[in-house]
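Data block for final.tsv (TSV, C-alpha atoms):
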```tsv
chain	number	residue	atom	x	y	z
A	7	MET	CA	34.17	-32.28	-45.26
A	8	LYS	CA	34.20	-33.67	-41.71
A	9	ASN	CA	30.63	-32.40	-41.18
A	10	GLU	CA	29.21	-34.34	-44.14
A	11	PRO	CA	28.51	-37.59	-42.24
A	12	LEU	CA	26.73	-35.65	-39.49
A	13	THR	CA	24.70	-33.70	-42.05
A	14	THR	CA	23.73	-36.92	-43.79
A	15	LYS	CA	22.56	-38.43	-40.49
A	16	ILE	CA	20.47	-35.34	-39.74
A	17	ILE	CA	18.81	-35.52	-43.17
A	18	ILE	CA	18.01	-39.22	-42.67
A	19	LEU	CA	16.48	-38.54	-39.25
A	20	VAL	CA	14.37	-35.71	-40.66
A	21	VAL	CA	13.09	-37.92	-43.48
A	22	LEU	CA	12.29	-40.76	-41.08
A	23	GLY	CA	10.56	-38.37	-38.73
A	24	PHE	CA	8.43	-36.98	-41.56
A	25	ALA	CA	7.48	-40.47	-42.72
A	26	PHE	CA	6.53	-41.45	-39.16
A	27	ASN	CA	4.36	-38.34	-38.77
A	28	VAL	CA	2.58	-39.06	-42.05
A	29	GLN	CA	1.91	-42.65	-40.94
A	30	LEU	CA	0.75	-41.49	-37.50
A	31	LYS	CA	-1.66	-38.94	-38.99
A	32	GLY	CA	-3.07	-41.59	-41.31
A	33	GLN	CA	-3.56	-43.98	-38.40
A	34	THR	CA	-5.20	-41.25	-36.33
A	35	SER	CA	-7.60	-40.54	-39.18
A	36	CYS	CA	-8.57	-44.23	-39.31
A	37	ASP	CA	-9.03	-44.34	-35.54
A	38	ASN	CA	-11.27	-41.25	-35.73
A	39	LEU	CA	-13.52	-43.03	-38.23
A	40	TYR	CA	-13.63	-46.08	-35.94
A	41	ALA	CA	-14.43	-43.91	-32.91
A	42	LYS	CA	-17.26	-42.23	-34.83
A	43	ALA	CA	-18.66	-45.64	-35.70
A	44	VAL	CA	-18.55	-46.69	-32.04
A	45	GLN	CA	-20.51	-43.56	-31.05
A	46	TYR	CA	-23.31	-44.45	-33.45
A	47	GLN	CA	-23.18	-48.11	-32.39
A	48	GLN	CA	-24.05	-47.23	-28.78
A	49	THR	CA	-27.50	-45.92	-29.82
A	50	MET	CA	-29.91	-48.83	-30.22
A	51	THR	CA	-31.85	-47.67	-33.27
A	52	ILE	CA	-31.79	-49.06	-36.79
A	53	ALA	CA	-30.78	-45.70	-38.28
A	54	SER	CA	-27.88	-45.31	-35.86
A	55	GLN	CA	-26.67	-48.88	-36.44
A	56	ASN	CA	-26.68	-48.26	-40.20
A	57	GLN	CA	-24.61	-45.10	-39.64
A	58	ALA	CA	-22.18	-47.14	-37.55
A	59	ILE	CA	-21.84	-49.70	-40.36
A	60	THR	CA	-21.00	-46.90	-42.81
A	61	TYR	CA	-18.22	-45.55	-40.59
A	62	PHE	CA	-16.86	-49.03	-39.79
A	63	GLN	CA	-16.64	-49.65	-43.54
A	64	LYS	CA	-14.75	-46.38	-44.03
A	65	ALA	CA	-12.36	-47.25	-41.19
A	66	GLN	CA	-11.86	-50.71	-42.65
A	67	ALA	CA	-10.86	-49.22	-46.01
A	68	CYS	CA	-8.54	-46.79	-44.22
A	69	TYR	CA	-6.62	-49.26	-42.04
A	70	ASP	CA	-3.54	-51.10	-43.33
A	71	SER	CA	-3.50	-53.68	-40.52
A	72	GLU	CA	-5.36	-56.91	-41.30
A	73	ASP	CA	-6.18	-57.31	-37.59
A	74	LYS	CA	-7.92	-53.92	-37.51
A	75	LYS	CA	-9.70	-54.64	-40.80
A	76	ASN	CA	-10.98	-57.88	-39.28
A	77	LEU	CA	-12.05	-56.00	-36.15
A	78	CYS	CA	-14.11	-53.64	-38.33
A	79	SER	CA	-15.69	-56.63	-40.06
A	80	SER	CA	-16.67	-58.08	-36.70
A	81	GLN	CA	-18.23	-54.79	-35.58
A	82	ILE	CA	-20.18	-54.52	-38.84
A	83	LYS	CA	-21.55	-58.01	-38.17
A	84	THR	CA	-22.45	-56.94	-34.62
A	85	CYS	CA	-24.36	-53.92	-35.93
A	86	LYS	CA	-26.30	-56.11	-38.34
A	87	ASN	CA	-27.13	-58.51	-35.52
A	88	THR	CA	-28.29	-55.58	-33.41
A	89	ILE	CA	-30.57	-54.42	-36.22
A	90	SER	CA	-32.08	-57.92	-36.38
A	91	VAL	CA	-32.67	-57.92	-32.60
A	92	ILE	CA	-34.30	-54.48	-32.74
A	93	LYS	CA	-36.62	-55.62	-35.53
A	94	LYS	CA	-37.40	-58.85	-33.68
A	95	ASN	CA	-38.18	-57.01	-30.45
A	96	SER	CA	-40.45	-54.58	-32.32
A	97	GLN	CA	-42.34	-57.39	-34.03
A	98	GLY	CA	-42.47	-59.43	-30.83
A	99	SER	CA	-43.88	-56.52	-28.86
A	100	ALA	CA	-46.65	-55.96	-31.40
A	101	ALA	CA	-47.46	-59.68	-31.54
A	102	SER	CA	-47.45	-59.92	-27.75
A	103	LYS	CA	-49.97	-57.09	-27.41
A	104	LYS	CA	-52.21	-58.65	-30.03
A	105	LYS	CA	-52.08	-62.04	-28.36
A	106	LYS	CA	-52.88	-60.53	-24.99
A	107	ASN	CA	-55.93	-58.73	-26.37
A	108	GLU	CA	-57.18	-61.83	-28.16
A	109	ASP	CA	-56.59	-64.38	-25.42
A	110	GLU	CA	-56.69	-63.03	-21.89
A	111	ASN	CA	-57.75	-66.35	-20.35
A	112	VAL	CA	-55.04	-68.74	-21.48
A	113	LYS	CA	-54.36	-71.20	-18.65
A	114	LEU	CA	-50.85	-72.12	-17.69
A	115	THR	CA	-49.92	-75.74	-18.32
A	116	GLN	CA	-48.79	-77.93	-15.49
A	117	ASN	CA	-45.42	-76.97	-13.89
A	118	GLU	CA	-45.42	-73.53	-15.56
A	119	THR	CA	-45.35	-70.24	-13.71
A	120	PRO	CA	-45.94	-66.70	-14.96
A	121	GLU	CA	-42.22	-66.05	-14.53
A	122	THR	CA	-41.14	-68.92	-16.79
A	123	VAL	CA	-43.66	-67.93	-19.45
A	124	MET	CA	-42.38	-64.35	-19.46
A	125	GLU	CA	-38.77	-65.55	-19.57
A	126	ASP	CA	-39.45	-67.74	-22.60
A	127	THR	CA	-41.36	-65.10	-24.58
A	128	VAL	CA	-39.36	-61.92	-23.89
A	129	ALA	CA	-36.61	-61.35	-26.44
A	130	ILE	CA	-33.10	-61.03	-25.06
A	131	VAL	CA	-31.61	-57.53	-25.08
A	132	LEU	CA	-27.82	-57.77	-24.94
A	133	SER	CA	-25.08	-55.17	-25.35
A	134	VAL	CA	-21.61	-54.30	-24.04
A	135	SER	CA	-20.20	-50.96	-22.95
A	136	GLU	CA	-17.13	-51.11	-25.21
A	137	SER	CA	-16.62	-52.00	-28.85
A	138	VAL	CA	-12.85	-52.20	-28.55
A	139	VAL	CA	-10.45	-52.40	-25.61
A	140	LYS	CA	-6.80	-51.38	-26.01
A	141	PHE	CA	-3.86	-52.60	-23.94
A	142	LYS	CA	-0.26	-51.41	-23.87
A	143	ALA	CA	2.45	-53.92	-24.68
A	144	LYS	CA	3.78	-54.07	-21.11
A	145	GLY	CA	0.57	-55.63	-19.76
A	146	ARG	CA	-0.13	-55.46	-16.02
A	147	GLU	CA	-3.20	-53.26	-16.49
A	148	PHE	CA	-6.91	-53.93	-16.10
A	149	LYS	CA	-9.81	-52.98	-18.37
A	150	LYS	CA	-13.53	-53.36	-17.68
A	151	VAL	CA	-16.38	-54.08	-20.08
A	152	ARG	CA	-19.92	-53.85	-18.70
A	153	VAL	CA	-22.49	-56.36	-19.95
A	154	ASN	CA	-26.04	-55.04	-20.24
A	155	CYS	CA	-28.53	-57.89	-20.45
A	156	ASN	CA	-32.10	-58.46	-19.30
A	157	SER	CA	-31.13	-62.00	-18.27
A	158	GLU	CA	-28.44	-63.31	-15.96
A	159	ASP	CA	-27.86	-66.30	-18.23
A	160	TRP	CA	-24.93	-64.86	-20.24
A	161	SER	CA	-21.41	-66.19	-20.75
A	162	VAL	CA	-18.07	-65.17	-22.28
A	163	VAL	CA	-16.71	-67.06	-25.32
A	164	GLY	CA	-13.46	-66.87	-27.27
A	165	MET	CA	-11.02	-65.64	-24.62
A	166	PRO	CA	-7.40	-66.20	-25.80
A	167	ASP	CA	-4.69	-67.55	-23.50
A	168	TRP	CA	-2.91	-64.16	-23.31
A	169	ILE	CA	-5.92	-62.58	-21.57
A	170	SER	CA	-7.20	-63.53	-18.12
A	171	TYR	CA	-10.62	-62.37	-16.94
A	172	SER	CA	-13.15	-62.41	-14.15
A	173	VAL	CA	-16.74	-61.18	-13.74
A	174	ASN	CA	-17.56	-58.87	-10.82
A	175	ASN	CA	-20.88	-58.17	-9.08
A	176	ASP	CA	-21.58	-55.19	-11.37
A	177	ASN	CA	-21.88	-57.41	-14.47
A	178	GLU	CA	-18.46	-56.23	-15.63
A	179	ILE	CA	-15.89	-58.39	-17.37
A	180	VAL	CA	-12.50	-57.48	-15.87
A	181	LEU	CA	-9.70	-58.13	-18.37
A	182	GLU	CA	-5.94	-58.34	-17.90
A	183	ALA	CA	-3.52	-58.89	-20.80
A	184	SER	CA	-0.11	-60.46	-20.37
A	185	GLU	CA	2.97	-58.71	-21.76
A	186	ASN	CA	3.24	-58.64	-25.55
A	187	THR	CA	6.90	-59.37	-26.32
A	188	SER	CA	6.40	-59.75	-30.07
A	189	LYS	CA	7.08	-57.18	-32.78
A	190	GLU	CA	3.45	-57.20	-33.95
A	191	ASP	CA	0.19	-55.92	-32.49
A	192	ARG	CA	-2.12	-58.71	-31.44
A	193	SER	CA	-5.88	-58.72	-31.27
A	194	CYS	CA	-8.89	-60.94	-30.77
A	195	ILE	CA	-12.67	-60.90	-30.87
A	196	ILE	CA	-14.47	-61.80	-27.65
A	197	LYS	CA	-18.10	-62.90	-27.75
A	198	VAL	CA	-20.74	-62.56	-25.05
A	199	GLU	CA	-23.66	-64.95	-25.50
A	200	CYS	CA	-27.11	-65.18	-23.95
A	201	ARG	CA	-29.40	-67.85	-25.36
A	202	GLU	CA	-29.88	-67.07	-29.05
A	203	SER	CA	-28.33	-63.59	-28.82
A	204	SER	CA	-24.68	-62.61	-28.92
A	205	VAL	CA	-22.54	-59.49	-29.09
A	206	THR	CA	-18.80	-59.03	-29.59
A	207	PHE	CA	-16.05	-56.59	-28.71
A	208	GLY	CA	-12.46	-56.41	-29.82
A	209	VAL	CA	-9.23	-56.39	-27.86
A	210	ILE	CA	-6.03	-54.89	-29.30
A	211	GLN	CA	-2.64	-54.96	-27.61
A	212	SER	CA	0.23	-52.88	-28.95
A	213	LYS	CA	3.48	-54.46	-30.06
A	214	LYS	CA	6.61	-54.03	-27.95
A	215	GLY	CA	8.31	-50.72	-28.73
A	216	LEU	CA	12.01	-49.99	-29.15
A	217	PHE	CA	12.27	-48.98	-25.51
A	218	GLY	CA	9.85	-51.54	-24.11
A	219	GLY	CA	6.35	-50.40	-23.11
```

Could you show the structure in this file as C-alpha coordinates?
Amino acid sequence: MKNEPLTTKIIILVVLGFAFNVQLKGQTSCDNLYAKAVQYQQTMTIASQNQAITYFQKAQACYDSEDKKNLCSSQIKTCKNTISVIKKNSQGSAASKKKKNEDENVKLTQNETPETVMEDTVAIVLSVSESVVKFKAKGREFKKVRVNCNSEDWSVVGMPDWISYSVNNDNEIVLEASENTSKEDRSCIIKVECRESSVTFGVIQSKKGLFGG
(Lines of atoms letter the chains of each structure in order from A and count residues from 1; the text may use other names and numbers.)
(Lines give C-alpha, C1' and ligand atoms only; values in the text may rest on other atoms or scores of the structure.)
Protein backbone atom coordinates (compact mmCIF):
# COMPACT_ATOMS: atom_id res chain seq x y z
CA MET A 1 0.00 0.00 0.00
CA LYS A 2 2.91 2.35 0.74
CA ASN A 3 4.07 2.05 -2.89
CA GLU A 4 0.76 3.26 -4.34
CA PRO A 5 1.57 7.01 -4.22
CA LEU A 6 4.92 6.37 -5.92
CA THR A 7 3.27 4.21 -8.57
CA THR A 8 0.68 6.89 -9.20
CA LYS A 9 3.40 9.52 -9.65
CA ILE A 10 5.25 7.29 -12.12
CA ILE A 11 2.07 6.77 -14.17
CA ILE A 12 1.42 10.54 -14.25
CA LEU A 13 4.98 11.23 -15.40
CA VAL A 14 4.71 8.60 -18.13
CA VAL A 15 1.42 10.08 -19.38
CA LEU A 16 2.85 13.61 -19.35
CA GLY A 17 5.96 12.44 -21.14
CA PHE A 18 3.88 10.73 -23.83
CA ALA A 19 1.74 13.83 -24.32
CA PHE A 20 4.86 16.00 -24.60
CA ASN A 21 6.38 13.66 -27.20
CA VAL A 22 3.18 13.71 -29.26
CA GLN A 23 3.14 17.53 -29.15
CA LEU A 24 6.84 17.71 -30.02
CA LYS A 25 6.43 15.38 -33.00
CA GLY A 26 3.49 17.44 -34.24
CA GLN A 27 5.51 20.65 -33.92
CA THR A 28 8.46 19.05 -35.72
CA SER A 29 6.16 18.03 -38.56
CA CYS A 30 4.94 21.63 -38.90
CA ASP A 31 8.50 22.95 -38.82
CA ASN A 32 9.47 20.47 -41.56
CA LEU A 33 6.70 21.84 -43.78
CA TYR A 34 7.91 25.39 -43.07
CA ALA A 35 11.52 24.44 -43.82
CA LYS A 36 10.45 22.87 -47.12
CA ALA A 37 8.64 26.08 -48.02
CA VAL A 38 11.76 28.12 -47.25
CA GLN A 39 13.83 25.90 -49.57
CA TYR A 40 11.48 26.58 -52.47
CA GLN A 41 11.31 30.28 -51.57
CA GLN A 42 15.07 30.72 -52.09
CA THR A 43 14.75 29.89 -55.82
CA MET A 44 13.62 32.98 -57.73
CA THR A 45 11.26 31.38 -60.23
CA ILE A 46 7.48 31.61 -60.41
CA ALA A 47 7.07 27.83 -60.19
CA SER A 48 9.27 27.60 -57.10
CA GLN A 49 7.49 30.51 -55.38
CA ASN A 50 4.14 28.80 -56.00
CA GLN A 51 5.52 25.60 -54.45
CA ALA A 52 6.67 27.64 -51.45
CA ILE A 53 3.18 29.11 -51.06
CA THR A 54 1.69 25.60 -51.04
CA TYR A 55 4.01 24.44 -48.26
CA PHE A 56 3.56 27.64 -46.23
CA GLN A 57 -0.19 27.06 -46.41
CA LYS A 58 0.25 23.48 -45.19
CA ALA A 59 2.48 24.65 -42.33
CA GLN A 60 -0.04 27.34 -41.44
CA ALA A 61 -2.81 24.75 -41.17
CA CYS A 62 -0.52 22.53 -39.08
CA TYR A 63 0.62 25.11 -36.50
CA ASP A 64 -1.41 25.80 -33.35
CA SER A 65 0.41 29.04 -32.50
CA GLU A 66 -1.22 32.20 -33.86
CA ASP A 67 2.22 33.85 -34.10
CA LYS A 68 3.50 31.07 -36.36
CA LYS A 69 0.30 31.12 -38.41
CA ASN A 70 0.80 34.86 -38.91
CA LEU A 71 4.43 34.25 -39.86
CA CYS A 72 3.27 31.82 -42.56
CA SER A 73 0.80 34.41 -43.83
CA SER A 74 3.59 36.97 -44.09
CA GLN A 75 5.81 34.56 -46.03
CA ILE A 76 2.95 33.72 -48.41
CA LYS A 77 2.58 37.46 -49.06
CA THR A 78 6.34 37.71 -49.65
CA CYS A 79 6.20 34.88 -52.20
CA LYS A 80 3.37 36.61 -54.04
CA ASN A 81 5.32 39.86 -54.07
CA THR A 82 8.34 37.99 -55.43
CA ILE A 83 6.22 36.53 -58.22
CA SER A 84 5.07 40.06 -59.11
CA VAL A 85 8.68 41.30 -59.19
CA ILE A 86 9.76 38.38 -61.39
CA LYS A 87 6.93 39.09 -63.83
CA LYS A 88 7.71 42.81 -63.80
CA ASN A 89 11.40 42.22 -64.44
CA SER A 90 10.58 39.86 -67.32
CA GLN A 91 8.21 42.35 -68.92
CA GLY A 92 10.59 45.24 -68.26
CA SER A 93 13.48 43.40 -69.87
CA ALA A 94 11.46 42.69 -73.02
CA ALA A 95 10.21 46.27 -73.19
CA SER A 96 13.70 47.63 -72.64
CA LYS A 97 15.12 45.61 -75.54
CA LYS A 98 12.31 46.73 -77.80
CA LYS A 99 12.80 50.37 -76.87
CA LYS A 100 16.52 50.12 -77.47
CA ASN A 101 16.01 48.66 -80.94
CA GLU A 102 13.42 51.26 -81.86
CA ASP A 103 15.16 54.34 -80.49
CA GLU A 104 18.93 54.16 -80.34
CA ASN A 105 19.41 57.93 -80.61
CA VAL A 106 17.38 59.27 -77.71
CA LYS A 107 19.21 62.26 -76.24
CA LEU A 108 19.58 62.70 -72.53
CA THR A 109 17.76 65.69 -71.09
CA GLN A 110 19.66 68.36 -69.23
CA ASN A 111 21.22 67.25 -65.90
CA GLU A 112 20.74 63.55 -66.71
CA THR A 113 23.54 61.01 -66.95
CA PRO A 114 23.52 57.46 -68.30
CA GLU A 115 23.86 56.23 -64.72
CA THR A 116 20.73 58.01 -63.48
CA VAL A 117 18.72 56.80 -66.46
CA MET A 118 19.76 53.21 -65.82
CA GLU A 119 19.01 53.56 -62.11
CA ASP A 120 15.50 54.82 -62.80
CA THR A 121 14.61 52.16 -65.38
CA VAL A 122 16.13 48.99 -63.88
CA ALA A 123 13.69 47.14 -61.63
CA ILE A 124 14.85 46.55 -58.08
CA VAL A 125 15.83 42.97 -57.22
CA LEU A 126 15.61 42.46 -53.46
CA SER A 127 15.86 39.36 -51.28
CA VAL A 128 17.11 38.24 -47.88
CA SER A 129 19.11 35.16 -46.92
CA GLU A 130 16.70 33.99 -44.20
CA SER A 131 12.94 33.63 -44.03
CA VAL A 132 12.88 33.14 -40.28
CA VAL A 133 15.42 33.71 -37.51
CA LYS A 134 15.10 31.91 -34.18
CA PHE A 135 16.46 33.06 -30.82
CA LYS A 136 16.64 31.24 -27.50
CA ALA A 137 14.87 32.79 -24.53
CA LYS A 138 18.10 33.72 -22.74
CA GLY A 139 19.12 36.23 -25.43
CA ARG A 140 22.75 37.33 -25.64
CA GLU A 141 23.23 35.77 -29.08
CA PHE A 142 23.66 37.26 -32.53
CA LYS A 143 22.03 36.29 -35.83
CA LYS A 144 22.83 37.61 -39.30
CA VAL A 145 20.54 38.14 -42.28
CA ARG A 146 22.18 39.06 -45.59
CA VAL A 147 20.38 41.55 -47.83
CA ASN A 148 20.79 40.95 -51.57
CA CYS A 149 19.88 44.06 -53.54
CA ASN A 150 21.03 45.66 -56.77
CA SER A 151 20.81 49.07 -55.09
CA GLU A 152 22.38 50.44 -51.92
CA ASP A 153 19.24 52.43 -51.15
CA TRP A 154 17.58 49.89 -48.81
CA SER A 155 16.42 50.25 -45.21
CA VAL A 156 15.05 48.17 -42.33
CA VAL A 157 11.48 48.75 -41.08
CA GLY A 158 9.47 47.32 -38.20
CA MET A 159 12.18 46.47 -35.68
CA PRO A 160 10.62 45.91 -32.20
CA ASP A 161 12.16 47.30 -29.02
CA TRP A 162 13.30 43.83 -27.84
CA ILE A 163 15.66 43.50 -30.82
CA SER A 164 18.72 45.67 -31.45
CA TYR A 165 20.45 45.63 -34.83
CA SER A 166 23.26 47.02 -36.91
CA VAL A 167 24.31 46.73 -40.57
CA ASN A 168 27.86 45.61 -41.38
CA ASN A 169 29.97 46.15 -44.50
CA ASP A 170 28.81 42.83 -46.01
CA ASN A 171 25.19 44.04 -46.33
CA GLU A 172 24.22 41.90 -43.35
CA ILE A 173 21.69 42.86 -40.70
CA VAL A 174 23.15 41.78 -37.35
CA LEU A 175 20.38 41.07 -34.83
CA GLU A 176 20.48 40.64 -31.07
CA ALA A 177 17.39 39.79 -29.00
CA SER A 178 17.05 40.69 -25.34
CA GLU A 179 16.07 38.01 -22.82
CA ASN A 180 12.48 36.76 -23.07
CA THR A 181 11.26 36.47 -19.48
CA SER A 182 7.63 35.80 -20.40
CA LYS A 183 5.84 32.46 -20.54
CA GLU A 184 5.00 32.87 -24.23
CA ASP A 185 7.02 32.77 -27.44
CA ARG A 186 7.30 36.17 -29.08
CA SER A 187 7.73 36.99 -32.73
CA CYS A 188 7.71 39.82 -35.22
CA ILE A 189 7.90 40.52 -38.93
CA ILE A 190 10.79 42.69 -40.10
CA LYS A 191 10.61 44.42 -43.47
CA VAL A 192 13.47 45.45 -45.75
CA GLU A 193 12.49 48.14 -48.25
CA CYS A 194 14.14 49.52 -51.37
CA ARG A 195 12.12 52.06 -53.34
CA GLU A 196 8.92 50.33 -54.43
CA SER A 197 10.13 46.83 -53.49
CA SER A 198 10.08 45.15 -50.10
CA VAL A 199 10.76 41.75 -48.56
CA THR A 200 10.16 40.41 -45.07
CA PHE A 201 11.57 37.84 -42.68
CA GLY A 202 10.31 36.61 -39.35
CA VAL A 203 11.93 36.51 -35.94
CA ILE A 204 10.81 34.04 -33.27
CA GLN A 205 12.14 33.92 -29.71
CA SER A 206 11.33 30.99 -27.44
CA LYS A 207 9.54 31.47 -24.15
CA LYS A 208 11.45 31.06 -20.89
CA GLY A 209 11.63 27.40 -19.90
CA LEU A 210 11.20 25.83 -16.47
CA PHE A 211 14.94 25.93 -15.90
CA GLY A 212 15.63 29.22 -17.64
CA GLY A 213 17.19 29.17 -21.11

Restricting to all atoms listed in the file, whichever of A:Glu178, A:Asp159, A:Glu185, A:Glu72 is closest to Glu199 (chain A) is A:Asp159

Practice item. Dump as a PyMOL selection string all residues having an atom at most 9 Å from (-8.8, -47.4, -40.9), computed in the file's coordinates with only C-alpha atoms. Key: chain A and resi 32-40+62-71+74-75+78

*Have a look at CA of Trp168 (chain A) and CA of Asn76 (chain A) and let me know their distance in Å, one decimal.*
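Separation of CA of Trp168 (chain A) and CA of Asn76 (chain A): 19.0 Å.
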
One decimal place gives the CA of Gly145 (chain A)-CA of Asn174 (chain A) separation as 20.5 Å

What lies within 8 Å of Thr84 (chain A) using all atoms listed in the file, ignoring chain neighbours under 4 positions off, as a VMD selection string?
-> chain A and resid 80 88 205 to 206

What gap, in Å, lies between CA of Val209 (chain A) and CA of Ile195 (chain A)?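 It comes out at 6.4 Å.
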
>> Please determine, counting all atoms listed in the file, which residue among A:Ser172, A:Ser184, A:Ser204, A:Ser157 has the shortest atom-to-atom distance to Cys85 (chain A).
In response: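 Under the stated criterion, the closest residue is A:Ser204.
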
Distance criterion (only C-alpha atoms): nearest to Thr51 (chain A) out of A:Ser212, A:Asn177, A:Ser90, A:Ser79: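 Selected residue with least distance to Thr51 (chain A): A:Ser90.
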
Residue with the minimum atom-to-atom distance to Ile130 (chain A), picked from A:Cys155, A:Met165, A:Ile210, A:Ala183 with all atoms listed in the file counted, is A:Cys155

Closest of A:Arg146, A:Arg152, A:Lys83, A:Lys214 to Asn175 (chain A), counting all atoms listed in the file, is A:Arg152

Identify, on the basis of only C-alpha atoms, every residue whose closest approach to Val180 (chain A) does not exceed 7 Å; exclude the query and any residue fewer than 5 positions from it along the same chain; express the result as a PDB file with C-alpha atoms, in the frame of the given file.
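For reference, around-v5.pdb as written:
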```pdb
ATOM      1  CA  PHE A 148      -6.910 -53.930 -16.100  1.00  0.00           C
ATOM      2  CA  LYS A 149      -9.810 -52.980 -18.370  1.00  0.00           C
ATOM      3  CA  LYS A 150     -13.530 -53.360 -17.680  1.00  0.00           C
ATOM      4  CA  VAL A 151     -16.380 -54.080 -20.080  1.00  0.00           C
ATOM      5  CA  TYR A 171     -10.620 -62.370 -16.940  1.00  0.00           C
ATOM      6  CA  SER A 172     -13.150 -62.410 -14.150  1.00  0.00           C
ATOM      7  CA  VAL A 173     -16.740 -61.180 -13.740  1.00  0.00           C
TER       8      VAL A 173
END
```
